[in-house]
$ cat entry-v1.csv   # CSV, C-alpha atoms and all ligand atoms
chain,number,residue,atom,x,y,z
A,1,MET,CA,74.7,135.5,127.3
A,2,SER,CA,77.6,133.1,127.1
A,3,VAL,CA,81.0,134.5,126.0
A,4,SER,CA,83.0,133.2,123.1
A,5,ALA,CA,86.6,132.4,123.9
A,6,ARG,CA,89.7,131.5,121.8
A,7,ALA,CA,92.3,129.2,123.2
A,8,TYR,CA,94.8,126.4,122.7
A,9,ALA,CA,93.8,123.0,123.7
A,10,ALA,CA,95.0,119.4,123.9
A,11,LEU,CA,92.3,117.4,122.1
A,12,ALA,CA,93.6,114.0,123.5
A,13,ALA,CA,96.3,112.8,125.9
A,14,GLY,CA,99.8,113.8,124.7
A,15,LYS,CA,98.5,115.5,121.5
A,16,PRO,CA,100.2,118.8,120.7
A,17,LEU,CA,98.1,121.8,121.7
A,18,GLU,CA,96.2,123.5,118.9
A,19,PRO,CA,93.8,126.4,118.3
A,20,PHE,CA,90.4,125.8,119.9
A,21,SER,CA,87.2,127.8,120.4
A,22,PHE,CA,84.5,127.4,123.1
A,23,LYS,CA,82.0,129.4,125.2
A,24,ARG,CA,82.5,130.7,128.7
A,25,ARG,CA,79.3,130.6,130.9
A,26,ALA,CA,77.1,133.6,131.0
A,27,LEU,CA,78.0,136.0,133.7
A,28,GLY,CA,76.1,135.2,137.0
A,29,PRO,CA,75.5,137.9,139.7
A,30,ALA,CA,78.7,136.9,141.6
A,31,ASP,CA,80.8,136.5,138.4
A,32,ILE,CA,83.6,138.6,136.9
A,33,LEU,CA,84.5,138.5,133.2
A,34,MET,CA,88.3,138.8,132.9
A,35,ASP,CA,90.3,139.5,129.8
A,36,ILE,CA,93.3,137.3,130.1
A,37,HIS,CA,96.6,139.0,129.4
A,38,PHE,CA,99.2,136.5,130.5
A,39,CYS,CA,99.2,132.9,131.7
A,40,GLY,CA,102.2,131.0,133.2
A,41,VAL,CA,103.1,127.5,132.1
A,42,CYS,CA,103.3,125.1,135.1
A,43,HIS,CA,104.7,121.6,134.9
A,44,SER,CA,101.3,120.4,136.2
A,45,ASP,CA,99.9,121.5,132.8
A,46,ILE,CA,102.1,119.0,131.1
A,47,HIS,CA,101.4,116.2,133.6
A,48,GLN,CA,97.6,116.7,132.9
A,49,ALA,CA,97.8,117.3,129.2
A,50,ARG,CA,99.6,114.0,128.9
A,51,ASN,CA,97.3,112.3,131.4
A,52,GLU,CA,100.2,111.3,133.6
A,53,TRP,CA,98.1,111.5,136.8
A,54,GLY,CA,95.1,109.8,135.2
A,55,GLY,CA,91.6,111.0,134.9
A,56,SER,CA,92.3,113.9,132.5
A,57,ARG,CA,89.3,115.4,130.6
A,58,PHE,CA,89.6,116.4,126.9
A,59,PRO,CA,89.5,118.7,125.2
A,60,MET,CA,91.8,120.4,127.8
A,61,VAL,CA,92.7,124.1,127.8
A,62,PRO,CA,95.4,124.1,130.5
A,63,GLY,CA,96.7,127.1,132.5
A,64,HIS,CA,96.2,128.1,136.1
A,65,GLU,CA,98.6,131.0,136.5
A,66,ILE,CA,96.2,133.6,135.0
A,67,VAL,CA,96.4,137.4,135.2
A,68,GLY,CA,94.4,140.0,133.4
A,69,VAL,CA,91.9,142.8,133.7
A,70,VAL,CA,88.2,142.8,134.7
A,71,THR,CA,86.0,143.8,131.7
A,72,LYS,CA,82.6,143.2,133.2
A,73,ILE,CA,81.1,142.4,136.6
A,74,GLY,CA,77.9,140.7,137.7
A,75,SER,CA,75.2,142.7,139.6
A,76,ASP,CA,76.3,141.5,143.1
A,77,VAL,CA,80.0,141.8,142.7
A,78,LYS,CA,81.5,143.8,145.5
A,79,LYS,CA,85.2,143.1,145.6
A,80,PHE,CA,86.3,144.1,142.1
A,81,LYS,CA,85.4,146.7,139.5
A,82,VAL,CA,86.0,147.0,135.7
A,83,GLY,CA,89.7,147.8,135.0
A,84,ASP,CA,91.1,146.0,138.1
A,85,ALA,CA,94.2,143.8,137.6
A,86,ILE,CA,93.2,140.4,138.9
A,87,GLY,CA,94.5,136.8,139.0
A,88,VAL,CA,93.0,133.3,139.0
A,89,GLY,CA,95.0,130.4,140.4
A,90,CYS,CA,94.5,126.6,140.5
A,91,PHE,CA,90.9,126.5,141.5
A,92,VAL,CA,87.7,128.4,140.7
A,93,ASP,CA,85.2,127.1,143.2
A,94,SER,CA,84.8,124.8,146.2
A,95,CYS,CA,81.9,123.6,148.5
A,96,ARG,CA,82.2,126.7,150.7
A,97,ARG,CA,80.7,124.8,153.6
A,98,CYS,CA,83.2,122.3,154.9
A,99,ASP,CA,85.5,123.0,157.8
A,100,ASN,CA,88.4,123.5,155.5
A,101,CYS,CA,86.6,125.9,153.2
A,102,ARG,CA,85.4,127.9,156.2
A,103,ALA,CA,89.0,128.0,157.5
A,104,GLY,CA,90.3,129.4,154.2
A,105,LEU,CA,91.8,126.1,153.2
A,106,GLU,CA,89.8,125.7,150.0
A,107,GLN,CA,92.6,123.7,148.5
A,108,TYR,CA,91.7,120.9,150.9
A,109,CYS,CA,87.9,121.2,150.4
A,110,LYS,CA,86.3,117.9,151.6
A,111,GLU,CA,84.1,117.9,148.5
A,112,GLU,CA,87.1,118.7,146.4
A,113,PHE,CA,87.7,122.1,144.8
A,114,VAL,CA,86.8,122.8,141.2
A,115,PRO,CA,90.1,123.0,139.3
A,116,THR,CA,90.5,125.9,136.9
A,117,TYR,CA,90.8,123.4,134.1
A,118,ASN,CA,90.4,119.6,133.9
A,119,GLY,CA,87.4,119.7,136.2
A,120,ILE,CA,83.6,120.2,136.1
A,121,GLU,CA,82.1,123.6,136.6
A,122,ARG,CA,79.4,123.6,139.3
A,123,GLN,CA,77.3,126.2,137.6
A,124,THR,CA,76.9,124.4,134.3
A,125,GLY,CA,78.2,120.8,134.6
A,126,GLU,CA,80.5,121.5,131.7
A,127,ASN,CA,84.3,121.1,131.6
A,128,THR,CA,86.4,123.9,133.2
A,129,TYR,CA,88.8,125.5,130.8
A,130,GLY,CA,92.0,127.2,131.9
A,131,GLY,CA,94.1,130.3,131.1
A,132,TYR,CA,95.6,129.5,127.7
A,133,SER,CA,92.6,131.4,126.4
A,134,SER,CA,91.3,134.9,125.7
A,135,SER,CA,89.0,135.3,128.7
A,136,ILE,CA,87.6,133.6,131.8
A,137,VAL,CA,84.4,134.0,133.9
A,138,VAL,CA,85.1,133.5,137.6
A,139,ASP,CA,83.2,133.9,140.8
A,140,GLU,CA,84.6,137.0,142.6
A,141,ASN,CA,85.4,134.9,145.7
A,142,TYR,CA,87.9,132.9,143.8
A,143,ALA,CA,89.7,135.9,142.1
A,144,LEU,CA,92.8,137.6,143.6
A,145,ARG,CA,94.0,141.2,143.5
A,146,ILE,CA,97.4,141.8,141.9
A,147,PRO,CA,99.4,144.5,143.6
A,148,LYS,CA,99.7,147.5,141.4
A,149,ASN,CA,103.5,147.7,141.5
A,150,LEU,CA,104.1,144.3,140.1
A,151,ASP,CA,104.6,143.6,136.4
A,152,LEU,CA,101.5,141.7,135.3
A,153,ALA,CA,103.4,139.1,133.1
A,154,LYS,CA,106.0,138.4,135.8
A,155,ALA,CA,103.3,138.2,138.5
A,156,ALA,CA,101.4,135.4,136.7
A,157,PRO,CA,103.5,132.5,138.1
A,158,LEU,CA,102.8,133.7,141.6
A,159,LEU,CA,99.2,132.2,141.2
A,160,CYS,CA,100.6,128.7,141.4
A,161,ALA,CA,104.4,128.5,141.7
A,162,GLY,CA,104.4,131.4,144.2
A,163,ILE,CA,101.6,130.2,146.5
A,164,THR,CA,102.7,126.5,146.3
A,165,THR,CA,106.1,127.4,147.8
A,166,TYR,CA,105.0,130.3,150.1
A,167,SER,CA,102.3,128.1,151.8
A,168,PRO,CA,104.6,125.4,153.3
A,169,LEU,CA,107.3,127.8,154.2
A,170,LYS,CA,104.8,129.8,156.2
A,171,HIS,CA,103.1,126.8,157.6
A,172,CYS,CA,106.4,125.5,158.9
A,173,GLY,CA,107.3,128.9,160.3
A,174,ILE,CA,110.5,129.4,158.2
A,175,SER,CA,112.3,132.5,159.3
A,176,LYS,CA,115.8,133.9,159.7
A,177,ASN,CA,116.8,131.2,162.2
A,178,HIS,CA,116.5,128.5,159.6
A,179,HIS,CA,118.7,126.8,157.0
A,180,ILE,CA,116.5,125.5,154.2
A,181,ALA,CA,117.2,123.6,151.0
A,182,VAL,CA,115.2,123.7,147.7
A,183,ILE,CA,115.5,120.7,145.5
A,184,GLY,CA,115.1,121.6,141.8
A,185,LEU,CA,115.6,125.1,140.4
A,186,GLY,CA,112.6,125.2,138.0
A,187,GLY,CA,109.4,127.2,138.2
A,188,LEU,CA,108.5,126.3,141.7
A,189,GLY,CA,112.1,126.1,142.9
A,190,HIS,CA,113.1,129.6,141.8
A,191,MET,CA,110.1,131.1,143.6
A,192,ALA,CA,111.0,129.1,146.8
A,193,VAL,CA,114.5,130.6,146.7
A,194,LYS,CA,113.1,134.1,146.4
A,195,ILE,CA,110.4,133.7,149.0
A,196,GLY,CA,112.7,131.7,151.4
A,197,HIS,CA,115.3,134.5,151.1
A,198,ALA,CA,112.7,137.2,151.7
A,199,LEU,CA,111.6,135.3,154.9
A,200,GLY,CA,115.2,135.6,156.0
A,201,ALA,CA,116.2,132.0,155.8
A,202,GLN,CA,119.7,130.7,154.6
A,203,VAL,CA,118.8,129.1,151.3
A,204,THR,CA,120.7,126.2,149.6
A,205,VAL,CA,119.8,125.1,146.1
A,206,LEU,CA,120.2,121.3,145.4
A,207,SER,CA,120.1,121.1,141.6
A,208,SER,CA,120.7,118.4,139.1
A,209,SER,CA,122.0,121.0,136.6
A,210,HIS,CA,125.6,122.2,136.9
A,211,ASP,CA,124.9,125.5,135.0
A,212,LYS,CA,122.3,127.0,137.4
A,213,GLU,CA,124.7,128.1,140.2
A,214,LYS,CA,125.1,131.7,139.1
A,215,ASP,CA,121.3,132.2,138.7
A,216,ALA,CA,120.6,130.5,142.0
A,217,ARG,CA,122.8,133.0,143.8
A,218,ARG,CA,121.4,135.9,141.9
A,219,LEU,CA,117.9,134.8,142.9
A,220,GLY,CA,118.9,134.8,146.6
A,221,ALA,CA,120.5,131.5,147.4
A,222,ASN,CA,123.4,131.5,149.8
A,223,HIS,CA,124.7,128.1,148.7
A,224,PHE,CA,124.5,125.9,145.6
A,225,VAL,CA,125.1,122.1,145.4
A,226,CYS,CA,124.9,120.0,142.3
A,227,SER,CA,123.3,116.8,143.4
A,228,ARG,CA,125.0,114.9,140.5
A,229,ASP,CA,128.5,115.5,142.0
A,230,SER,CA,129.6,112.4,143.8
A,231,GLY,CA,129.5,112.7,147.5
A,232,ALA,CA,128.0,116.2,147.4
A,233,LEU,CA,124.8,115.3,149.3
A,234,ALA,CA,126.7,113.1,151.8
A,235,LYS,CA,128.6,116.1,152.9
A,236,LEU,CA,125.3,117.8,153.9
A,237,THR,CA,124.2,115.1,156.4
A,238,GLY,CA,122.3,116.6,159.3
A,239,HIS,CA,122.5,120.1,157.8
A,240,PHE,CA,119.0,121.5,157.1
A,241,ASP,CA,116.0,122.5,159.2
A,242,PHE,CA,113.7,122.2,156.2
A,243,ILE,CA,113.8,120.9,152.6
A,244,LEU,CA,111.3,121.7,149.9
A,245,ASN,CA,111.2,119.1,147.1
A,246,THR,CA,109.9,120.7,143.9
A,247,VAL,CA,111.1,118.0,141.5
A,248,SER,CA,108.6,116.8,138.9
A,249,ALA,CA,110.2,113.3,138.7
A,250,PRO,CA,110.9,110.6,141.4
A,251,ILE,CA,114.1,111.2,143.4
A,252,ASP,CA,116.0,109.1,145.9
A,253,LEU,CA,114.2,110.5,149.0
A,254,ALA,CA,116.5,108.9,151.6
A,255,GLN,CA,119.6,110.6,150.2
A,256,TYR,CA,117.9,114.0,150.8
A,257,LEU,CA,116.2,113.1,154.1
A,258,ASP,CA,119.6,112.3,155.5
A,259,CYS,CA,120.5,116.0,154.9
A,260,LEU,CA,117.9,117.1,157.5
A,261,LYS,CA,118.8,117.8,161.2
A,262,THR,CA,117.2,115.9,164.0
A,263,ASP,CA,113.4,116.9,163.9
A,264,GLY,CA,113.9,118.4,160.4
A,265,THR,CA,111.1,118.4,157.9
A,266,MET,CA,111.0,117.6,154.2
A,267,CYS,CA,107.9,118.9,152.3
A,268,LEU,CA,107.0,117.4,149.0
A,269,VAL,CA,105.3,119.7,146.5
A,270,GLY,CA,106.7,118.1,143.3
A,271,ALA,CA,104.0,115.7,142.0
A,272,PRO,CA,105.7,112.9,139.9
A,273,ASP,CA,103.4,110.3,138.3
A,274,LYS,CA,105.4,107.4,139.7
A,275,PRO,CA,105.6,106.3,143.4
A,276,MET,CA,108.9,106.9,145.3
A,277,ASP,CA,110.6,104.3,147.5
A,278,LEU,CA,111.2,105.3,151.1
A,279,HIS,CA,113.7,103.7,153.4
A,280,VAL,CA,112.2,104.5,156.8
A,281,PHE,CA,115.5,104.6,158.6
A,282,SER,CA,116.2,108.0,157.2
A,283,LEU,CA,113.1,109.2,159.1
A,284,ILE,CA,113.2,107.2,162.3
A,285,THR,CA,116.8,107.5,163.2
A,286,GLN,CA,116.6,111.3,163.6
A,287,ARG,CA,112.8,111.8,164.2
A,288,ARG,CA,112.5,113.5,160.9
A,289,LYS,CA,109.2,114.4,159.3
A,290,LEU,CA,107.9,114.0,155.7
A,291,MET,CA,104.9,116.1,154.6
A,292,GLY,CA,103.2,117.3,151.5
A,293,SER,CA,101.5,120.5,150.6
A,294,LEU,CA,99.0,121.6,147.9
A,295,ILE,CA,99.0,125.2,146.5
A,296,GLY,CA,97.2,127.5,149.1
A,297,GLY,CA,93.8,128.9,150.0
A,298,ILE,CA,92.3,132.1,148.6
A,299,ARG,CA,93.1,134.1,151.8
A,300,GLU,CA,96.7,132.9,151.9
A,301,THR,CA,97.2,133.4,148.2
A,302,GLN,CA,96.1,137.1,148.6
A,303,GLU,CA,98.5,137.3,151.6
A,304,MET,CA,101.3,135.9,149.4
A,305,LEU,CA,100.5,138.4,146.6
A,306,ASP,CA,100.6,141.3,149.0
A,307,PHE,CA,103.9,140.0,150.5
A,308,CYS,CA,105.4,139.8,147.0
A,309,GLY,CA,104.1,143.3,146.3
A,310,ALA,CA,105.7,144.6,149.5
A,311,LYS,CA,109.0,142.8,148.8
A,312,GLU,CA,108.8,143.4,145.0
A,313,ILE,CA,109.1,139.6,144.3
A,314,VAL,CA,108.1,138.4,140.8
A,315,SER,CA,109.0,135.4,138.7
A,316,GLU,CA,111.9,135.2,136.2
A,317,ILE,CA,110.1,134.7,133.0
A,318,GLU,CA,110.5,133.9,129.3
A,319,LEU,CA,107.5,135.5,127.5
A,320,ILE,CA,106.2,133.4,124.6
A,321,PRO,CA,103.4,133.6,122.0
A,322,ILE,CA,100.9,130.8,122.3
A,323,GLN,CA,102.1,129.3,119.1
A,324,LYS,CA,105.3,128.3,120.9
A,325,ILE,CA,103.5,126.3,123.6
A,326,ASN,CA,104.4,122.8,122.4
A,327,GLU,CA,108.1,123.8,122.1
A,328,ALA,CA,107.9,125.3,125.6
A,329,TYR,CA,106.6,121.9,126.9
A,330,GLU,CA,109.6,120.1,125.4
A,331,ARG,CA,112.0,122.6,126.9
A,332,ILE,CA,110.4,122.3,130.4
A,333,LEU,CA,110.8,118.5,130.2
A,334,LYS,CA,114.6,119.0,129.6
A,335,SER,CA,114.8,121.4,132.6
A,336,ASP,CA,115.6,124.1,130.0
A,337,VAL,CA,113.5,127.1,131.3
A,338,LYS,CA,114.7,130.2,133.1
A,339,TYR,CA,112.5,130.0,135.1
A,340,ARG,CA,108.9,130.1,133.9
A,341,PHE,CA,107.4,130.4,130.5
A,342,VAL,CA,104.6,132.9,130.4
A,343,ILE,CA,102.2,133.1,127.5
A,344,ASP,CA,101.3,136.5,126.1
A,345,LEU,CA,97.7,135.9,125.1
A,346,LYS,CA,97.7,138.9,122.7
A,347,SER,CA,99.3,136.3,120.4
A,348,LEU,CA,95.9,134.5,120.1
A,349,GLY,CA,94.9,137.3,117.7
A,350,SER,CA,91.2,138.1,117.1
A,351,ASN,CA,90.3,135.4,114.6
F,1,LIG,P1,109.7,122.6,136.4
F,1,LIG,O1,109.8,124.1,136.1
F,1,LIG,O2,109.9,121.6,135.3
F,1,LIG,O3,110.9,122.4,137.5
F,1,LIG,C1,111.2,121.1,138.0
F,1,LIG,C2,112.7,121.1,138.3
F,1,LIG,O4,113.0,119.8,138.9
F,1,LIG,C3,113.6,121.2,137.1
F,1,LIG,O5,113.9,122.5,136.6
F,1,LIG,C4,114.9,120.5,137.5
F,1,LIG,O6,115.6,121.4,138.3
F,1,LIG,C5,114.3,119.4,138.5
F,1,LIG,N1,114.2,118.1,137.8
F,1,LIG,C6,113.4,117.8,136.8
F,1,LIG,N2,113.5,116.5,136.4
F,1,LIG,C7,114.4,116.0,137.3
F,1,LIG,C8,114.9,114.7,137.5
F,1,LIG,N3,114.6,113.7,136.7
F,1,LIG,N4,115.8,114.5,138.5
F,1,LIG,C9,116.2,115.5,139.3
F,1,LIG,N5,115.7,116.8,139.1
F,1,LIG,C10,114.9,117.0,138.1
F,1,LIG,O7,108.4,122.2,137.1
F,1,LIG,P2,107.5,123.1,138.1
F,1,LIG,O8,106.4,123.8,137.3
F,1,LIG,O9,108.3,123.9,139.1
F,1,LIG,O10,106.7,121.9,138.9
F,1,LIG,C11,107.4,121.0,139.7
F,1,LIG,C12,106.5,119.9,140.2
F,1,LIG,O11,105.6,120.4,141.2
F,1,LIG,C13,105.6,119.3,139.1
F,1,LIG,O12,105.5,117.9,139.4
F,1,LIG,C14,104.3,119.9,139.3
F,1,LIG,O13,103.2,119.1,138.9
F,1,LIG,C15,104.3,120.1,140.8
F,1,LIG,N6,103.4,121.1,141.4
F,1,LIG,C16,102.8,120.8,142.6
F,1,LIG,C17,102.0,121.8,143.2
F,1,LIG,C18,101.4,121.5,144.5
F,1,LIG,O14,100.5,122.2,144.9
F,1,LIG,N7,102.0,120.6,145.3
F,1,LIG,C19,101.7,123.0,142.5
F,1,LIG,C20,102.4,123.2,141.3
F,1,LIG,C21,103.2,122.3,140.7
F,1,LIG,P3,117.3,121.3,138.4
F,1,LIG,O15,117.7,121.5,136.9
F,1,LIG,O16,117.7,122.4,139.2
F,1,LIG,O17,117.6,119.9,138.9
F,2,ZN,ZN,100.8,124.9,138.8
$ encode --input "entry-v1.csv" --output "structure tokens"
Amino acid sequence: MSVSARAYAALAAGKPLEPFSFKRRALGPADILMDIHFCGVCHSDIHQARNEWGGSRFPMVPGHEIVGVVTKIGSDVKKFKVGDAIGVGCFVDSCRRCDNCRAGLEQYCKEEFVPTYNGIERQTGENTYGGYSSSIVVDENYALRIPKNLDLAKAAPLLCAGITTYSPLKHCGISKNHHIAVIGLGGLGHMAVKIGHALGAQVTVLSSSHDKEKDARRLGANHFVCSRDSGALAKLTGHFDFILNTVSAPIDLAQYLDCLKTDGTMCLVGAPDKPMDLHVFSLITQRRKLMGSLIGGIRETQEMLDFCGAKEIVSEIELIPIQKINEAYERILKSDVKYRFVIDLKSLGSN
């Protein structure tokens, strides 16, 4: 039997989110029913609710940093039991057959993964709806175990901001021998600082906000540079092994690429809707590399959660009721969030 869910949805591009009811699919043998306790608010939610990347599907219930508790399991479920604390990230299915899926790189599924929201459910052909809702039905192979020692609300952002920053840092072998920079101290950026620090790297924050220095250092940064200060970036020419760009808007890439050492790498995870110009001399003169990275696979996401459990890493959050979601979006757009909004889904009430 399908499951009634309460939620907040955008009914059309750019419309404020409002109360919305819908049905989750009936529990299949491999499915888990999860009561959603908390959901983080990612800048990608705003890009998609405003159709900035194109192709958005409405009504849209955003949210892909989902944590809660298992309330029911299908007959074949092996990995989870009722009462377990679990998480769901940015995707809920993939083809499971292609080389990438087999290698645990479901985020690069050649048939494209099924996004947690703004996609089409393979089981029903209906829209997928995300975590700004009371419950979700998910295949057990796409659910994650949340370490018991982590606060559930503060762990929610690990499901996107955590894995999106952990994955490229690990892929590029960042360790204590490296000096890295993080551009943008927002949801992703603050997780990159914590994880980079925990991996032993020297971390510099390159921020457009003057007032984030104290926080950056508290989060684990060794250095802080305000990119708006004239000449500040020029002083860092040839300085870093690795730069992670988490900014949600286009930036002057060359100015930052010049801050890399010979053979240094810049990884883009920020996903602005507009293209960025690139002057190739910043790359070719020092054999620098420019790469991108998308979230992480299920196996790596579990590895990241276990790493965060062992190191007691969680997000810095501002907990909000769902009724404040539109205000939260406006504040994120002004870079006024310290450092992730997390929705307390109890606020949906029972009506
Ligand atoms: P966020 O919390 O809004 O953080 C972005 C930060 O970028 C801001 O706090 C601000 O930091 C800086 N910034 C914003 N506008 C800027 C501008 N015009 N110029 C310079 N700096 C600016 O966003 P988020 O949730 O971390 O997401 C960041 C981006 O990553 C979004 O585009 C999102 O869609 C994308 N994303 C990608 C993936 C992936 O898999 N690749 C996954 C999740 C999210 P300062 O105040 O410190 O400058
Ligand atoms: Zn996200």
$ closest_residue --input "entry-v1.csv" --among "A:Gly173, A:Gly119, A:Gly130, A:Gly63" --to "ligand LIG 1 (chain F)" --atoms "only C-alpha atoms and all ligand atoms"
A:Gly63
$ atom_distance --input "entry-v1.csv" --atom1 "atom ZN of ligand ZN 2 (chain F)" --atom2 "atom CA of A:Arg299"
17.7 Å
$ residues_around --input "entry-v1.csv" --residues "A:Ile332" --least-positions-apart "6" --cutoff "12 Å" --atoms "only C-alpha atoms" --output "PyMOL selection string"
chain A and resi 41-47+185-187+247-248+318+325-326+338-341
$ residues_near_ligand --input "entry-v1.csv" --ligand "ligand LIG 1 (chain F)" --cutoff "8 Å" --atoms "all atoms listed in the file" --output "PDB file with C-alpha atoms, in the coordinates of the input"
ATOM      1  CA  VAL A  41     103.100 127.500 132.100  1.00  0.00           C
ATOM      2  CA  CYS A  42     103.300 125.100 135.100  1.00  0.00           C
ATOM      3  CA  HIS A  43     104.700 121.600 134.900  1.00  0.00           C
ATOM      4  CA  SER A  44     101.300 120.400 136.200  1.00  0.00           C
ATOM      5  CA  ASP A  45      99.900 121.500 132.800  1.00  0.00           C
ATOM      6  CA  ILE A  46     102.100 119.000 131.100  1.00  0.00           C
ATOM      7  CA  HIS A  47     101.400 116.200 133.600  1.00  0.00           C
ATOM      8  CA  CYS A 160     100.600 128.700 141.400  1.00  0.00           C
ATOM      9  CA  ALA A 161     104.400 128.500 141.700  1.00  0.00           C
ATOM     10  CA  THR A 164     102.700 126.500 146.300  1.00  0.00           C
ATOM     11  CA  ILE A 183     115.500 120.700 145.500  1.00  0.00           C
ATOM     12  CA  GLY A 184     115.100 121.600 141.800  1.00  0.00           C
ATOM     13  CA  LEU A 185     115.600 125.100 140.400  1.00  0.00           C
ATOM     14  CA  GLY A 186     112.600 125.200 138.000  1.00  0.00           C
ATOM     15  CA  GLY A 187     109.400 127.200 138.200  1.00  0.00           C
ATOM     16  CA  LEU A 188     108.500 126.300 141.700  1.00  0.00           C
ATOM     17  CA  GLY A 189     112.100 126.100 142.900  1.00  0.00           C
ATOM     18  CA  HIS A 190     113.100 129.600 141.800  1.00  0.00           C
ATOM     19  CA  VAL A 205     119.800 125.100 146.100  1.00  0.00           C
ATOM     20  CA  LEU A 206     120.200 121.300 145.400  1.00  0.00           C
ATOM     21  CA  SER A 207     120.100 121.100 141.600  1.00  0.00           C
ATOM     22  CA  SER A 208     120.700 118.400 139.100  1.00  0.00           C
ATOM     23  CA  SER A 209     122.000 121.000 136.600  1.00  0.00           C
ATOM     24  CA  HIS A 210     125.600 122.200 136.900  1.00  0.00           C
ATOM     25  CA  LYS A 212     122.300 127.000 137.400  1.00  0.00           C
ATOM     26  CA  SER A 227     123.300 116.800 143.400  1.00  0.00           C
ATOM     27  CA  THR A 246     109.900 120.700 143.900  1.00  0.00           C
ATOM     28  CA  VAL A 247     111.100 118.000 141.500  1.00  0.00           C
ATOM     29  CA  SER A 248     108.600 116.800 138.900  1.00  0.00           C
ATOM     30  CA  ALA A 249     110.200 113.300 138.700  1.00  0.00           C
ATOM     31  CA  PRO A 250     110.900 110.600 141.400  1.00  0.00           C
ATOM     32  CA  ILE A 251     114.100 111.200 143.400  1.00  0.00           C
ATOM     33  CA  LEU A 268     107.000 117.400 149.000  1.00  0.00           C
ATOM     34  CA  VAL A 269     105.300 119.700 146.500  1.00  0.00           C
ATOM     35  CA  GLY A 270     106.700 118.100 143.300  1.00  0.00           C
ATOM     36  CA  ALA A 271     104.000 115.700 142.000  1.00  0.00           C
ATOM     37  CA  PRO A 272     105.700 112.900 139.900  1.00  0.00           C
ATOM     38  CA  ASP A 273     103.400 110.300 138.300  1.00  0.00           C
ATOM     39  CA  GLY A 292     103.200 117.300 151.500  1.00  0.00           C
ATOM     40  CA  SER A 293     101.500 120.500 150.600  1.00  0.00           C
ATOM     41  CA  LEU A 294      99.000 121.600 147.900  1.00  0.00           C
ATOM     42  CA  ILE A 295      99.000 125.200 146.500  1.00  0.00           C
ATOM     43  CA  GLY A 296      97.200 127.500 149.100  1.00  0.00           C
ATOM     44  CA  ILE A 332     110.400 122.300 130.400  1.00  0.00           C
ATOM     45  CA  LEU A 333     110.800 118.500 130.200  1.00  0.00           C
ATOM     46  CA  LYS A 334     114.600 119.000 129.600  1.00  0.00           C
ATOM     47  CA  SER A 335     114.800 121.400 132.600  1.00  0.00           C
ATOM     48  CA  ASP A 336     115.600 124.100 130.000  1.00  0.00           C
ATOM     49  CA  VAL A 337     113.500 127.100 131.300  1.00  0.00           C
ATOM     50  CA  TYR A 339     112.500 130.000 135.100  1.00  0.00           C
ATOM     51  CA  ARG A 340     108.900 130.100 133.900  1.00  0.00           C
TER      52      ARG A 340
END
$ closest_residue --input "entry-v1.csv" --among "A:Glu126, A:Glu18, A:Asp252, A:Glu65" --to "A:Pro157" --atoms "all atoms listed in the file"
A:Glu65
$ closest_residue --input "entry-v1.csv" --among "A:Ala13, A:Leu152, A:Ile120, A:Ile163" --to "ligand ZN 2 (chain F)" --atoms "all atoms listed in the file"
A:Ile163
$ closest_residue --input "entry-v1.csv" --among "A:Arg145, A:Cys259, A:Val88, A:Arg24" --to "ligand ZN 2 (chain F)" --atoms "only C-alpha atoms and all ligand atoms"
A:Val88
$ closest_residue --input "entry-v1.csv" --among "A:Pro19, A:Gly68, A:Gly83, A:Gly231" --to "A:Gly349" --atoms "only C-alpha atoms"
A:Pro19
$ atom_distance --input "entry-v1.csv" --atom1 "atom CA of A:Arg122" --atom2 "atom CA of A:Arg25"
10.9 Å
$ residues_around --input "entry-v1.csv" --residues "A:Gly162" --least-positions-apart "4" --cutoff "8 Å" --atoms "only C-alpha atoms" --output "number ranges by chain"
A: 157-158, 166, 188, 191-192, 304
$ closest_residue --input "entry-v1.csv" --among "A:Ala156, A:Met34, A:Ala12, A:Ile317" --to "ligand ZN 2 (chain F)" --atoms "all atoms listed in the file"
A:Ala156
$ atom_distance --input "entry-v1.csv" --atom1 "atom CA of A:Leu169" --atom2 "atom CA of A:Gly220"
15.5 Å
$ residues_around --input "entry-v1.csv" --residues "stretch 55-62 of chain A" --least-positions-apart "6" --cutoff "7 Å" --atoms "all atoms listed in the file" --output "ChimeraX atom specification"
/A:7-12,45,48-49,117-118,129-132
$ residues_near_point --input "entry-v1.csv" --point "(83.9, 135.6, 137.8)" --cutoff "12 Å" --atoms "all atoms listed in the file" --output "PyMOL selection string"
chain A and resi 24-35+69-82+86-88+92-93+116+123+135-144
